[in-house]
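Okay, structure first, notes after.
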Amino acid sequence: MTEGLGFLIFTFIAILLFEAVNGWTDAPNAVATVVSTRALPPLAAVVMAAVLNLAGVFAGTAVATTIGKGIVDIEMVTLETVAAAALAVVFWSSFAAYFGLPTSESHGIVAAIAGAGVAVGGTDVLLWDGWQKVLTGVGAAVVFGFGGAFLVMIAILWLFQRANPSATRRLFGPLQIVSSAFMAFSHGTADGQKAIGVMAMALAIYNETPASEFHVPLWIIFLGAGTMGISTMAGGWRIIRTLGMRVTHLETYQGFAAEAAAATTLTITSRFGIPLSTTHTIGSAIMGVGATRRLSAVRWGVAYNILAAWILTFPVCFGLAWAIALGIPG
C-alpha cells in the first residue's frame with residue numbers, strides 16, 4: 001500500500017481534477033437547452049449554472065455516501081484505488097469532450113473505482129448493494145428522462161393547442177430560465193457529490209476508518225463545491241452544441257419540458273443515494289421531447305453516437321483505472 005501524506009495530497013489533486021472535468025463537461029447539461037432556444041445568452045447561462053451547481057452540492061450527502069463506501073469495500077482497497085479511478089475518468093472525459101460527446105462522469109467514476117479496486121483487491125471488493133443503486137440509476141435516467149419529458153410535452157401541447165405560438169414562446173422563455181436553474185441545482189445535488197464522496201473515501205482509507213464510521217467532513221464539501229462552481233465557468237461549448245442543437249431543434253416550451261423532467265428525476269433519485277447520470281437524464285429527456293413531434297425529429301445518428309459514448313464509458317473507465325492502479329508503485 002502506498003502510504004504517506006504526500007500520496008494523499010496527490011490523490012486529492014487527482015480527485016479535484018476529476019471534479020473540474022465534471023464541472024467543465026457537465027455544465028452543458030444545465031444550459032444546453034436554454035442556450036439553444038436563446039432564452040439566455042451563453043455567458044449568463046453558464047454563470048447561472050456555476051452558482052446553482054455550487055449551491056446544489058450542499059443539498060445532501062446521500063449520493064456521496066453511496067460513492068464513498070457503497071461501490072467497493074473501503075477496508076480492502078488503498079489510496080492507489082482512488083487516485084487511479086479519478087485519473088481514469090479525467091482521461092476519458094477529456095478525450096470524449098474534445099469530440100463533443102457528452103459522457104457520464106457518474107458512470108465513469110463508479111466503473112473506475114470498480115476497475116481500480118479489482119486491480120488492487122480482486123473481485124471480492126465489489127459491493128452489490130451499491131451496484132444495485134448504480135444499475136437502478138442507469139434505467140431511471142432513460143425511463144424517467146425520456147418518458148417524463150415526453151409526458152410533460154404532451155401535456156403542454158394539449159393545454160396550449162389553441163394558443164398563439166409567439167405568446168407561447170414569450171410565456172415559456174422565463175419559465176425555461178427557471179427550469180434551467182432547477183437543472184443546474186439538481187446537477188449539483190447529483191453529480192456534485194461524486195467527487196466529494198471519492199475525497200471522503202480517500203480520507204477514510206488514509207485514516208483507516210471503518211466503513212461503519214464513514215462520514216463526509218464539511219471542509220470536503222466546501223472544497224468539492226468550490227471546484228465544481230469554478231470549473232463550470234469553463235463551459236464546454238462543443239457539448240452544448242451537441243445536446244442543445246444537434247440532437248433535435250428545440251423551442252422554449254420544449255426546453256422547459258426536457259429540463260423540468262430531468263431535474264425532477266435527478267432531485268428525487270439523489271435523495272435515495274442513487275448516483276444518476278445527469279448527462280444520460282437530460283440527453284434522454286431531449287430525445288423524449290423531440291419524439292413528441294415525430295420520431296424523425298430526433299437526429300438519431302447523433303443520438304446513436306451519444307449512446308455509444310455512454311456504453312463505452314463503463315468498460316473504458318474500468319480498464320483504464322485497472323491499468324493505472326497496477327502501474328502505481330505500492
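Following the order of the C-alpha cells, first chain is A, next is B, and so on, with residues numbered from 1 inside each chain and ligands from 1 in the order they appear.
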
Just list as an NGL selection string whatever in segment 151-283 of chain A DSSP marks as alpha helix (DSSP H).
:A and (151-159 or 165-190 or 192-206 or 218-232 or 237-241 or 252-271 or 278-283)

Selection near Ala200 of chain A, 9 Å with only C-alpha atoms, sequence-local residues under 5 positions removed, as a ChimeraX atom specification
/A:64-65,68-69,195,205,214-217,220

With only C-alpha atoms as the counted atoms, please give the residues lying no more than 12 Å from Ala44 of chain A, apart from itself and same-chain residues fewer than 4 positions off, as a PyMOL selection string.
chain A and resi 31+34-35+38-40+48-51+177+180-181+233+235

Neighbouring residues of segment 11-23 of chain A were defined as those with any atom within 8 Å, considering only C-alpha atoms; residues of the same chain fewer than 6 positions away were excluded. Please report them as a ChimeraX atom specification.
/A:79-80,82-83,86-87,89-90,93-94,105,191-192,195,198-199,202,224,227-232

Shortest interatomic distance to Val57 of chain A - which of A:Cys317, A:Ala225, A:Ala88, A:Ala261, counting only C-alpha atoms
A:Ala225

Pick from A:Phe185, A:Phe99, A:Phe160, A:Phe172: nearest to Thr264 of chain A, with only C-alpha atoms counted?
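Among the listed residues, the smallest separation from Thr264 of chain A belongs to A:Phe185.
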